[in-house]
$ cat structure22.cif   # mmCIF, C-alpha atoms
data_my_file
#
loop_
_atom_site.label_atom_id
_atom_site.label_comp_id
_atom_site.auth_asym_id
_atom_site.auth_seq_id
_atom_site.Cartn_x
_atom_site.Cartn_y
_atom_site.Cartn_z
CA ASP A 1 -58.25 -7.88 19.14
CA LEU A 2 -57.20 -6.54 15.79
CA THR A 3 -53.84 -5.72 14.32
CA THR A 4 -53.05 -3.36 11.49
CA PHE A 5 -50.73 -3.40 8.58
CA SER A 6 -48.32 -0.63 8.03
CA ARG A 7 -48.34 -0.54 4.26
CA CYS A 8 -49.46 -2.28 1.15
CA VAL A 9 -48.22 -1.82 -2.32
CA SER A 10 -49.71 -3.12 -5.49
CA ASN A 11 -49.07 -2.85 -9.15
CA LEU A 12 -52.39 -2.86 -10.89
CA ARG A 13 -51.58 -2.69 -14.51
CA SER A 14 -48.51 -4.67 -15.13
CA LEU A 15 -48.73 -8.23 -16.28
CA ARG A 16 -46.08 -9.01 -13.75
CA CYS A 17 -47.62 -8.21 -10.47
CA GLN A 18 -46.36 -8.25 -7.00
CA LEU A 19 -48.44 -8.45 -3.97
CA ILE A 20 -46.60 -7.18 -1.02
CA VAL A 21 -48.23 -7.38 2.29
CA GLU A 22 -46.79 -6.15 5.50
CA ALA A 23 -48.18 -7.75 8.54
CA LEU A 24 -46.89 -6.28 11.71
CA SER A 25 -43.17 -6.66 11.32
CA CYS A 26 -43.46 -9.41 8.77
CA ILE A 27 -43.54 -9.16 5.04
CA VAL A 28 -45.45 -11.54 2.85
CA HIS A 29 -44.32 -11.31 -0.72
CA LEU A 30 -46.10 -13.10 -3.46
CA ALA A 31 -44.62 -12.64 -6.91
CA LEU A 32 -47.04 -14.10 -9.39
CA VAL A 33 -45.55 -14.07 -12.81
CA LYS A 34 -46.18 -17.41 -14.37
CA HIS A 35 -49.40 -16.73 -16.21
CA LYS A 36 -49.51 -14.42 -19.14
CA ASN A 37 -52.99 -13.22 -18.45
CA LEU A 38 -52.47 -12.85 -14.80
CA LYS A 39 -54.62 -10.19 -13.37
CA ILE A 40 -53.87 -9.57 -9.81
CA MET A 41 -54.93 -6.90 -7.71
CA SER A 42 -54.89 -5.00 -4.80
CA ALA A 43 -52.85 -4.52 -1.85
CA LEU A 44 -54.24 -6.44 0.92
CA SER A 45 -53.77 -4.64 4.06
CA TRP A 46 -55.56 -6.54 6.62
CA MET A 47 -54.48 -9.96 7.67
CA LEU A 48 -56.50 -10.68 10.66
CA LYS A 49 -55.49 -12.70 13.51
CA TRP A 50 -58.50 -14.73 14.37
CA SER A 51 -59.24 -13.98 17.94
CA THR A 52 -61.12 -16.48 19.98
CA PHE A 53 -63.99 -14.13 20.48
CA SER A 54 -65.02 -14.23 16.82
CA LEU A 55 -64.38 -17.93 16.34
CA GLY A 56 -67.08 -19.56 14.27
CA TRP A 57 -69.08 -16.44 13.48
CA GLY A 58 -66.86 -13.51 12.59
CA CYS A 59 -65.44 -14.35 9.17
CA ALA A 60 -67.64 -11.98 7.17
CA TYR A 61 -66.84 -9.25 9.66
CA ARG A 62 -63.14 -9.89 9.13
CA SER A 63 -63.52 -9.80 5.38
CA LEU A 64 -65.16 -6.41 5.80
CA GLN A 65 -62.27 -5.25 7.95
CA THR A 66 -59.89 -6.30 5.19
CA ILE A 67 -61.82 -4.24 2.66
CA ILE A 68 -61.99 -1.18 4.90
CA SER A 69 -58.30 -1.45 5.60
CA TRP A 70 -57.65 -1.49 1.86
CA PHE A 71 -59.61 1.74 1.47
CA ARG A 72 -57.57 3.27 4.30
CA LEU A 73 -54.26 2.29 2.83
CA GLN A 74 -55.24 3.53 -0.59
CA HIS A 75 -56.14 6.83 1.10
CA TYR A 76 -59.78 6.64 0.08
CA ALA A 77 -60.89 6.64 3.70
CA SER A 78 -59.52 7.72 7.04
CA VAL A 79 -61.92 5.98 9.38
CA ASP A 80 -60.50 3.49 11.79
CA VAL A 81 -61.10 -0.12 10.91
CA PRO A 82 -64.24 -0.95 12.88
CA SER A 83 -64.46 -3.70 15.42
CA HIS A 84 -67.04 -6.45 15.14
CA ARG A 85 -69.19 -4.57 17.62
CA GLU A 86 -68.91 -1.32 15.70
CA ILE A 87 -69.92 -3.12 12.52
CA GLN A 88 -72.97 -4.45 14.32
CA GLN A 89 -73.80 -1.01 15.64
CA ALA A 90 -73.65 0.44 12.14
CA LEU A 91 -76.21 -2.10 10.98
CA VAL A 92 -78.45 -1.19 13.90
CA ASP A 93 -78.03 2.52 13.20
CA ILE A 94 -79.27 2.17 9.63
CA GLY A 95 -82.18 0.05 10.73
CA ASP A 96 -81.17 -3.25 9.17
CA LYS A 97 -80.88 -4.99 12.54
CA ASP A 98 -82.59 -4.75 15.89
CA PRO A 99 -80.63 -3.28 18.84
CA SER A 100 -80.24 -6.77 20.29
CA PHE A 101 -77.91 -7.55 17.39
CA VAL A 102 -75.06 -5.63 19.02
CA GLY A 103 -72.94 -7.97 21.06
CA SER A 104 -74.44 -11.04 19.43
CA ARG A 105 -72.65 -13.67 17.37
CA GLU A 106 -75.00 -13.44 14.46
CA TRP A 107 -73.67 -14.07 11.01
CA ILE A 108 -73.77 -11.42 8.32
CA GLY A 109 -73.19 -11.54 4.59
CA ALA A 110 -72.44 -9.51 1.51
CA ILE A 111 -75.57 -7.38 1.76
CA GLU A 112 -74.77 -6.31 5.30
CA LEU A 113 -71.21 -5.53 4.24
CA SER A 114 -72.54 -3.26 1.50
CA PHE A 115 -74.69 -1.42 4.03
CA VAL A 116 -71.76 -0.88 6.41
CA LEU A 117 -69.41 0.29 3.66
CA ASP A 118 -72.01 2.79 2.62
CA LYS A 119 -72.68 3.90 6.18
CA LEU A 120 -69.09 4.21 7.43
CA LEU A 121 -67.15 5.04 4.27
CA GLY A 122 -69.72 6.32 1.81
CA VAL A 123 -68.57 3.55 -0.52
CA SER A 124 -71.05 2.02 -2.91
CA CYS A 125 -70.89 -1.57 -3.94
CA LYS A 126 -72.15 -3.87 -6.61
CA VAL A 127 -73.46 -7.30 -5.80
CA LEU A 128 -72.92 -10.23 -8.09
CA ASN A 129 -75.29 -13.10 -7.37
CA VAL A 130 -74.87 -16.60 -8.75
CA ARG A 131 -77.28 -19.43 -8.11
CA SER A 132 -74.52 -22.01 -7.81
CA GLY A 133 -70.83 -22.04 -7.04
CA ALA A 134 -70.43 -23.83 -10.36
CA GLU A 135 -71.18 -20.53 -12.08
CA LEU A 136 -68.30 -18.66 -10.47
CA PRO A 137 -65.64 -19.63 -13.02
CA GLU A 138 -67.92 -18.16 -15.68
CA LYS A 139 -67.65 -14.83 -13.88
CA CYS A 140 -63.89 -14.71 -14.06
CA ARG A 141 -63.80 -12.34 -17.00
CA GLU A 142 -66.13 -9.96 -15.17
CA LEU A 143 -64.07 -10.29 -12.00
CA ALA A 144 -60.87 -9.62 -13.92
CA LEU A 145 -62.46 -6.47 -15.29
CA HIS A 146 -63.32 -5.44 -11.75
CA PHE A 147 -59.75 -5.88 -10.60
CA GLU A 148 -58.49 -3.92 -13.57
CA SER A 149 -60.91 -1.04 -13.20
CA GLN A 150 -61.63 -0.94 -9.48
CA GLY A 151 -58.97 -3.01 -7.82
CA THR A 152 -60.83 -3.43 -4.57
CA PRO A 153 -60.90 -6.71 -2.66
CA ILE A 154 -64.09 -8.69 -3.14
CA MET A 155 -66.02 -10.45 -0.40
CA ILE A 156 -67.47 -13.81 -1.34
CA GLY A 157 -70.35 -15.10 0.76
CA GLY A 158 -71.91 -18.49 0.19
CA GLY A 159 -72.61 -21.78 1.89
CA VAL A 160 -71.54 -20.93 5.40
CA LEU A 161 -68.19 -19.39 4.53
CA ALA A 162 -66.84 -15.95 3.74
CA TYR A 163 -63.74 -15.43 1.64
CA THR A 164 -61.87 -12.37 0.48
CA LEU A 165 -60.94 -12.43 -3.19
CA LEU A 166 -57.80 -10.50 -4.07
CA GLY A 167 -57.38 -11.37 -7.69
CA VAL A 168 -58.13 -13.78 -10.46
CA ASP A 169 -55.94 -15.55 -12.94
CA TYR A 170 -57.93 -15.92 -16.12
CA ASN A 171 -56.72 -17.49 -19.32
CA GLU A 172 -58.85 -16.06 -22.10
CA ALA A 173 -57.79 -18.74 -24.55
CA SER A 174 -58.57 -21.77 -22.43
CA GLY A 175 -61.07 -20.31 -20.00
CA ASP A 176 -59.05 -21.74 -17.15
CA CYS A 177 -59.08 -19.67 -14.03
CA ALA A 178 -57.87 -19.48 -10.48
CA PHE A 179 -58.82 -17.31 -7.55
CA LEU A 180 -56.46 -15.56 -5.15
CA ILE A 181 -58.18 -16.12 -1.85
CA LEU A 182 -57.44 -14.61 1.51
CA ASP A 183 -59.13 -16.84 4.01
CA PRO A 184 -60.49 -14.95 7.02
CA HIS A 185 -60.73 -18.18 9.00
CA TYR A 186 -57.03 -18.18 9.73
CA THR A 187 -55.97 -18.77 13.30
CA GLY A 188 -52.50 -18.41 14.64
CA ASN A 189 -49.71 -15.94 14.80
CA ASP A 190 -48.87 -13.31 12.23
CA GLU A 191 -46.15 -15.33 10.57
CA HIS A 192 -46.04 -14.83 6.85
CA LYS A 193 -44.57 -18.20 6.04
CA LYS A 194 -47.21 -19.92 8.07
CA ILE A 195 -49.95 -17.89 6.43
CA VAL A 196 -48.76 -18.44 2.88
CA ASN A 197 -47.48 -21.99 3.22
CA GLY A 198 -50.64 -22.98 5.03
CA GLY A 199 -52.80 -21.82 2.15
CA TRP A 200 -54.47 -19.04 4.06
CA CYS A 201 -53.52 -16.63 1.31
CA GLY A 202 -53.08 -18.30 -2.01
CA TRP A 203 -54.40 -19.46 -5.32
CA LYS A 204 -57.38 -21.75 -5.48
CA LYS A 205 -58.68 -23.42 -8.56
CA ALA A 206 -62.40 -24.00 -8.95
CA VAL A 207 -61.60 -27.73 -9.04
CA ASP A 208 -58.42 -28.92 -7.36
CA SER A 209 -56.15 -31.72 -8.49
CA LYS A 210 -58.26 -34.23 -6.60
CA GLY A 211 -61.45 -33.14 -8.27
CA LYS A 212 -62.78 -31.34 -5.21
CA ASN A 213 -64.81 -28.20 -5.83
CA PHE A 214 -63.67 -25.15 -3.98
CA PHE A 215 -67.06 -23.47 -4.39
CA LEU A 216 -70.16 -25.45 -3.48
CA HIS A 217 -72.36 -26.31 -6.42
CA ASP A 218 -75.52 -26.60 -4.36
CA LYS A 219 -75.19 -23.17 -2.76
CA PHE A 220 -75.74 -19.68 -4.06
CA TYR A 221 -73.04 -17.08 -3.72
CA ASN A 222 -73.12 -13.31 -3.36
CA LEU A 223 -70.01 -11.43 -4.34
CA LEU A 224 -69.56 -7.92 -3.02
CA LEU A 225 -67.63 -5.63 -5.37
CA PRO A 226 -66.79 -2.34 -3.61
CA GLN A 227 -66.49 0.63 -5.96
CA ARG A 228 -63.68 3.12 -5.66
CA PRO A 229 -64.78 6.70 -5.09
CA SER A 230 -65.00 8.67 -8.31
CA MET A 231 -64.45 12.02 -6.70
CA VAL A 232 -61.34 13.47 -5.17
CA MET B 1 -92.76 4.76 -14.04
CA ALA B 2 -95.01 6.98 -11.92
CA SER B 3 -98.64 7.81 -12.38
CA GLY B 4 -101.57 8.70 -10.24
CA GLY B 5 -99.59 8.70 -7.00
CA LYS B 6 -98.09 5.27 -7.64
CA VAL B 7 -94.72 4.05 -8.78
CA SER B 8 -94.02 0.78 -10.55
CA PHE B 9 -91.16 -1.65 -10.34
CA LYS B 10 -90.32 -4.72 -12.30
CA VAL B 11 -88.78 -7.19 -9.89
CA THR B 12 -87.04 -10.35 -11.12
CA LEU B 13 -86.44 -13.36 -8.91
CA THR B 14 -82.83 -14.30 -9.62
CA SER B 15 -82.81 -17.49 -7.59
CA ASP B 16 -85.18 -19.10 -10.11
CA PRO B 17 -83.38 -20.16 -13.33
CA LYS B 18 -86.48 -19.14 -15.28
CA LEU B 19 -86.02 -15.58 -13.98
CA PRO B 20 -89.70 -14.91 -13.33
CA PHE B 21 -90.62 -11.31 -12.82
CA LYS B 22 -93.54 -9.36 -11.54
CA VAL B 23 -94.47 -5.73 -11.92
CA PHE B 24 -95.59 -4.02 -8.76
CA SER B 25 -97.32 -0.70 -8.38
CA VAL B 26 -97.00 0.83 -4.95
CA PRO B 27 -98.16 4.16 -3.54
CA GLU B 28 -95.62 6.93 -3.79
CA ALA B 29 -95.66 7.41 -0.05
CA ALA B 30 -95.00 3.76 0.72
CA PRO B 31 -91.62 2.87 2.28
CA PHE B 32 -89.30 0.75 0.26
CA THR B 33 -89.57 -1.95 2.88
CA ALA B 34 -93.05 -2.47 1.52
CA VAL B 35 -91.64 -3.16 -1.93
CA LEU B 36 -89.26 -5.77 -0.55
CA LYS B 37 -91.91 -7.39 1.61
CA PHE B 38 -94.51 -7.40 -1.13
CA ALA B 39 -92.11 -8.75 -3.74
CA ALA B 40 -90.87 -11.50 -1.41
CA GLU B 41 -94.40 -12.55 -0.55
CA GLU B 42 -95.42 -12.64 -4.18
CA PHE B 43 -92.49 -14.88 -5.00
CA LYS B 44 -93.05 -16.91 -1.82
CA VAL B 45 -89.58 -16.28 -0.40
CA PRO B 46 -88.82 -14.98 3.11
CA PRO B 47 -88.44 -11.18 3.12
CA GLN B 48 -86.04 -11.40 6.07
CA THR B 49 -83.51 -13.32 3.99
CA SER B 50 -84.04 -11.41 0.77
CA ALA B 51 -82.54 -8.26 -0.63
CA ILE B 52 -83.25 -6.06 -3.59
CA ILE B 53 -80.56 -4.85 -5.94
CA THR B 54 -80.75 -2.86 -9.14
CA ASN B 55 -80.10 -4.37 -12.53
CA ASP B 56 -76.60 -2.93 -12.22
CA GLY B 57 -76.09 -4.88 -9.03
CA VAL B 58 -76.22 -1.95 -6.63
CA GLY B 59 -77.75 -2.80 -3.29
CA ILE B 60 -80.71 -0.99 -1.78
CA ASN B 61 -81.17 -0.63 1.94
CA PRO B 62 -84.94 -0.73 2.37
CA GLN B 63 -84.68 1.26 5.58
CA GLN B 64 -82.74 4.07 4.00
CA SER B 65 -84.96 4.45 1.00
CA ALA B 66 -87.62 5.97 3.09
CA GLU B 67 -90.20 7.49 0.88
CA PHE B 68 -91.46 7.71 -2.59
CA LYS B 69 -91.81 11.28 -3.66
CA GLY B 70 -93.25 12.60 -6.84
CA GLY B 71 -90.58 14.37 -8.84
CA ALA B 72 -87.81 12.85 -6.77
CA SER B 73 -84.22 13.38 -7.73
CA ILE B 74 -83.91 9.74 -8.61
CA ALA B 75 -85.67 9.53 -11.91
CA VAL B 76 -87.99 6.82 -13.12
CA VAL B 77 -88.14 4.95 -9.87
CA GLY B 78 -89.38 7.88 -7.87
CA LEU B 79 -87.51 6.92 -4.74
CA LYS B 80 -86.04 9.42 -2.41
CA CYS B 81 -83.00 8.35 -0.46
CA GLN B 82 -82.22 10.02 2.78
CA GLY B 83 -78.60 10.73 3.36
CA ASN B 84 -76.30 8.64 1.24
CA VAL B 85 -77.37 7.98 -2.27
CA PHE B 86 -77.50 4.25 -2.38
CA LEU B 87 -79.77 3.65 -5.27
CA LYS B 88 -78.90 3.78 -8.96
CA HIS B 89 -81.75 4.97 -11.07
CA GLY B 90 -83.94 2.50 -12.82
CA SER B 91 -87.20 0.72 -12.23
CA GLU B 92 -85.91 -2.76 -12.90
CA LEU B 93 -84.87 -4.54 -9.77
CA ARG B 94 -83.72 -7.99 -8.73
CA LEU B 95 -84.71 -9.98 -5.68
CA ILE B 96 -81.76 -12.02 -4.39
CA PRO B 97 -81.24 -14.21 -1.32
CA ARG B 98 -79.07 -12.81 1.45
CA ASP B 99 -76.05 -14.87 2.36
CA ARG B 100 -75.16 -15.26 6.01
CA VAL B 101 -71.75 -16.74 6.66
CA GLY B 102 -69.63 -17.39 9.68
CA ALA B 103 -68.65 -21.03 10.09
CA SER B 104 -65.07 -22.16 10.05
CA ARG B 105 -63.35 -24.48 7.68
CA MET B 106 -59.73 -25.41 7.50
CA VAL B 107 -58.09 -24.48 4.22
CA GLY B 108 -54.81 -26.29 4.20
CA ALA B 109 -51.76 -26.24 2.04
CA ALA B 110 -53.20 -29.04 -0.07
CA SER B 111 -55.59 -26.63 -1.68
CA LEU B 112 -52.81 -24.42 -2.96
CA LEU B 113 -51.94 -24.59 -6.63
CA GLU B 114 -48.30 -24.99 -5.72
#
$ encode --input "structure22.cif" --output "structure tokens"
Amino acid sequence: DLTTFSRCVSNLRSLRCQLIVEALSCIVHLALVKHKNLKIMSALSWMLKWSTFSLGWGCAYRSLQTIISWFRLQHYASVDVPSHREIQQALVDIGDKDPSFVGSREWIGAIELSFVLDKLLGVSCKVLNVRSGAELPEKCRELALHFESQGTPIMIGGGVLAYTLLGVDYNEASGDCAFLILDPHYTGNDEHKKIVNGGWCGWKKAVDSKGKNFFLHDKFYNLLLPQRPSMV
Amino acid sequence: MASGGKVSFKVTLTSDPKLPFKVFSVPEAAPFTAVLKFAAEEFKVPPQTSAIITNDGVGINPQQSAEFKGGASIAVVGLKCQGNVFLKHGSELRLIPRDRVGASRMVGAASLLE
């Protein structure tokens, strides 16, 4: 039920960044050049087609698959991207879940993702916890530093939703910021125009033009920041 | 901090804006699950939906951190991790709520910047 990307390319250091994503035979190209302090990161390698079987419960799993795929494409790992069931089994193997968890539709979050990344890839993670979604814009500088130094996709868990954060656009002078979100709730075919034009991979401001908050102010959020291996 | 067969942790409850903390002393041989359970009960939060991370934000799997050993390779805390090293050294820890996510929400083109 999963498809793989063939290649991702990213330019981590340049102010003018390109995010090129190949999905199956399609290419999604986002050239983000308008902001001087644009910090964009990371080749996203996993654009999941939301299969019916994970509808309504699998978004955190899919965010994890995105992260693992990134590690594969950056040649930090060679493991196959695990299925939802394999992710569940890993959590059972380390003792975080009971055996009955395998095959269930139970939700997981950032902490479980950190356990699986450690178990399957030997990757350590940092967890950033905020008491309210209102605090997330304040973390933009720290997130920008992460994308500059680590470059790994970030999983955001809060409310009832999981998102994958690919980059931040942070204006140091004004404090204004935007988040490059890959939404693992996407359903439909692997058509890049549909994905991008539909907002399934794109920039989100903390408060949109209609005054609606993207992050919930009455919910806490955990952000999972995978760390690149320091050894060769 | 280790003395007399016990190790101590300072655990801060991050979900409370006042950042209350408690210092726990547990036997060296106690599993780390005991630290999580004890800390959660002291702060009156459910241990099943809580997790412990270091001050640096590194997560700790209570099941993997099996035993406290005197003179363990992980200094100060005195924890011994089996297999993968998951714990950064330090005796200051944070108790955070675990998120569980999975519902669906449509994110349409209207939410794009442009």
$ resolve_selection --input "structure22.cif" --expression "the PyMOL selection byres ((chain B and resi 36) around 10)" --output "list of chain:residue names"
B:Val11, B:Pro31, B:Phe32, B:Thr33, B:Ala34, B:Val35, B:Lys37, B:Phe38, B:Ala39, B:Ala40, B:Glu41, B:Glu42, B:Pro46, B:Pro47, B:Gln48, B:Ser50, B:Ala51, B:Ile52, B:Ile60, B:Asn61, B:Pro62, B:Leu95
$ closest_residue --input "structure22.cif" --among "B:Val45, B:Phe9, B:Lys18, B:Ala29" --to "chain A" --atoms "all atoms listed in the file"
B:Lys18
$ residues_around --input "structure22.cif" --residues "stretch 177-180 of chain A" --least-positions-apart "2" --cutoff "6 Å" --atoms "all atoms listed in the file" --output "PyMOL selection string"
chain A and resi 165-170+202-205
$ interface_residues --input "structure22.cif" --of "chain A" --to "chain B" --cutoff "9 Å" --atoms "all atoms listed in the file" --output "PyMOL selection string"
chain A and resi 55-61+94-96+106-112+114-115+118-119+122+124-131+157-162+178+183+185-186+196-205+208-209+214+220-222
$ residues_near_point --input "structure22.cif" --point "(-68.2, -8.7, -3.1)" --cutoff "6 Å" --atoms "all atoms listed in the file" --output "list in words"
Ile154, Met155, Ile156, Leu223, Leu224 and Leu225 of chain A
$ atom_distance --input "structure22.cif" --atom1 "atom CA of A:Leu91" --atom2 "atom CA of A:Phe147"
27.4 Å
$ atom_distance --input "structure22.cif" --atom1 "atom CA of A:Ser78" --atom2 "atom CA of A:Asn189"
26.8 Å
$ resolve_selection --input "structure22.cif" --expression "the PyMOL selection byres ((chain A and resi 120) around 10)" --output "PyMOL selection string"
chain A and resi 68+77+79-82+86-87+90+115-119+121-123
$ atom_distance --input "structure22.cif" --atom1 "atom CA of B:Phe43" --atom2 "atom CA of A:Val92"
27.2 Å
$ axis_aligned_box --input "structure22.cif" --around "stretch 81-99 of chain A" --padding-each-side "5 Å" --output "lines of an AutoDock Vina configuration file"
center_x = -71.8
center_y = -2.0
center_z = 14.0
size_x = 31.5
size_y = 19.0
size_z = 19.7
$ closest_residue --input "structure22.cif" --among "A:Val102, A:Leu216, A:Leu113, A:Ala206" --to "A:Thr66" --atoms "all atoms listed in the file"
A:Leu113
$ closest_residue --input "structure22.cif" --among "A:Ala134, A:Ile67, A:Ala173, A:Leu73" --to "A:Asn213" --atoms "only C-alpha atoms"
A:Ala134
$ decode --input "structure22.cif" --residues "stretch 96-105 of chain A" --atoms "all heavy atoms" --output "mmCIF file, in the first residue's frame"
data_model
loop_
_atom_site.group_PDB
_atom_site.id
_atom_site.type_symbol
_atom_site.label_atom_id
_atom_site.label_comp_id
_atom_site.auth_asym_id
_atom_site.auth_seq_id
_atom_site.Cartn_x
_atom_site.Cartn_y
_atom_site.Cartn_z
ATOM 1 N N ASP A 96 7.071 -1.148 24.396
ATOM 2 C CA ASP A 96 6.228 0.023 24.643
ATOM 3 C C ASP A 96 4.752 -0.294 24.500
ATOM 4 O O ASP A 96 3.909 0.416 25.048
ATOM 5 C CB ASP A 96 6.607 1.153 23.672
ATOM 6 C CG ASP A 96 5.870 2.448 23.962
ATOM 7 O OD1 ASP A 96 6.014 2.961 25.085
ATOM 8 O OD2 ASP A 96 5.142 2.932 23.071
ATOM 9 N N LYS A 97 4.437 -1.312 23.717
ATOM 10 C CA LYS A 97 3.042 -1.701 23.493
ATOM 11 C C LYS A 97 2.871 -3.194 23.765
ATOM 12 O O LYS A 97 3.825 -3.972 23.660
ATOM 13 C CB LYS A 97 2.611 -1.411 22.035
ATOM 14 C CG LYS A 97 2.833 0.004 21.558
ATOM 15 C CD LYS A 97 1.938 0.989 22.258
ATOM 16 C CE LYS A 97 2.167 2.384 21.668
ATOM 17 N NZ LYS A 97 1.685 3.448 22.554
ATOM 18 N N ASP A 98 1.622 -3.547 24.072
ATOM 19 C CA ASP A 98 1.287 -4.955 24.220
ATOM 20 C C ASP A 98 1.189 -5.619 22.850
ATOM 21 O O ASP A 98 0.945 -4.937 21.848
ATOM 22 C CB ASP A 98 -0.042 -5.103 24.963
ATOM 23 C CG ASP A 98 0.063 -4.641 26.405
ATOM 24 O OD1 ASP A 98 1.180 -4.728 26.967
ATOM 25 O OD2 ASP A 98 -0.958 -4.191 26.963
ATOM 26 N N PRO A 99 1.329 -6.947 22.796
ATOM 27 C CA PRO A 99 1.238 -7.650 21.501
ATOM 28 C C PRO A 99 -0.062 -7.400 20.748
ATOM 29 O O PRO A 99 -0.088 -7.450 19.515
ATOM 30 C CB PRO A 99 1.371 -9.131 21.898
ATOM 31 C CG PRO A 99 2.183 -9.094 23.153
ATOM 32 C CD PRO A 99 1.750 -7.847 23.877
ATOM 33 N N SER A 100 -1.132 -7.106 21.464
ATOM 34 C CA SER A 100 -2.416 -6.862 20.811
ATOM 35 C C SER A 100 -2.401 -5.584 19.975
ATOM 36 O O SER A 100 -3.310 -5.338 19.184
ATOM 37 C CB SER A 100 -3.536 -6.762 21.857
ATOM 38 O OG SER A 100 -3.280 -5.692 22.757
ATOM 39 N N PHE A 101 -1.381 -4.785 20.123
ATOM 40 C CA PHE A 101 -1.273 -3.530 19.377
ATOM 41 C C PHE A 101 -1.079 -3.790 17.882
ATOM 42 O O PHE A 101 -1.550 -3.005 17.050
ATOM 43 C CB PHE A 101 -0.100 -2.724 19.941
ATOM 44 C CG PHE A 101 0.158 -1.410 19.258
ATOM 45 C CD1 PHE A 101 -0.732 -0.360 19.401
ATOM 46 C CD2 PHE A 101 1.299 -1.214 18.490
ATOM 47 C CE1 PHE A 101 -0.500 0.868 18.782
ATOM 48 C CE2 PHE A 101 1.541 0.001 17.869
ATOM 49 C CZ PHE A 101 0.647 1.044 18.018
ATOM 50 N N VAL A 102 -0.412 -4.877 17.556
ATOM 51 C CA VAL A 102 -0.142 -5.187 16.150
ATOM 52 C C VAL A 102 -1.450 -5.531 15.446
ATOM 53 O O VAL A 102 -2.201 -6.385 15.906
ATOM 54 C CB VAL A 102 0.848 -6.362 16.021
ATOM 55 C CG1 VAL A 102 1.089 -6.699 14.549
ATOM 56 C CG2 VAL A 102 2.163 -6.011 16.707
ATOM 57 N N GLY A 103 -1.694 -4.861 14.347
ATOM 58 C CA GLY A 103 -2.923 -5.070 13.607
ATOM 59 C C GLY A 103 -4.056 -4.177 14.064
ATOM 60 O O GLY A 103 -5.151 -4.217 13.481
ATOM 61 N N SER A 104 -3.808 -3.376 15.083
ATOM 62 C CA SER A 104 -4.853 -2.473 15.571
ATOM 63 C C SER A 104 -4.822 -1.173 14.769
ATOM 64 O O SER A 104 -3.981 -0.979 13.891
ATOM 65 C CB SER A 104 -4.648 -2.170 17.054
ATOM 66 O OG SER A 104 -3.534 -1.298 17.236
ATOM 67 N N ARG A 105 -5.731 -0.291 15.108
ATOM 68 C CA ARG A 105 -5.771 1.033 14.479
ATOM 69 C C ARG A 105 -5.480 2.121 15.509
ATOM 70 O O ARG A 105 -5.981 3.236 15.436
ATOM 71 C CB ARG A 105 -7.145 1.275 13.842
ATOM 72 C CG ARG A 105 -7.438 0.308 12.718
ATOM 73 C CD ARG A 105 -8.666 0.690 11.964
ATOM 74 N NE ARG A 105 -8.800 -0.122 10.752
ATOM 75 C CZ ARG A 105 -9.567 0.185 9.724
ATOM 76 N NH1 ARG A 105 -10.300 1.277 9.767
ATOM 77 N NH2 ARG A 105 -9.648 -0.599 8.673
#
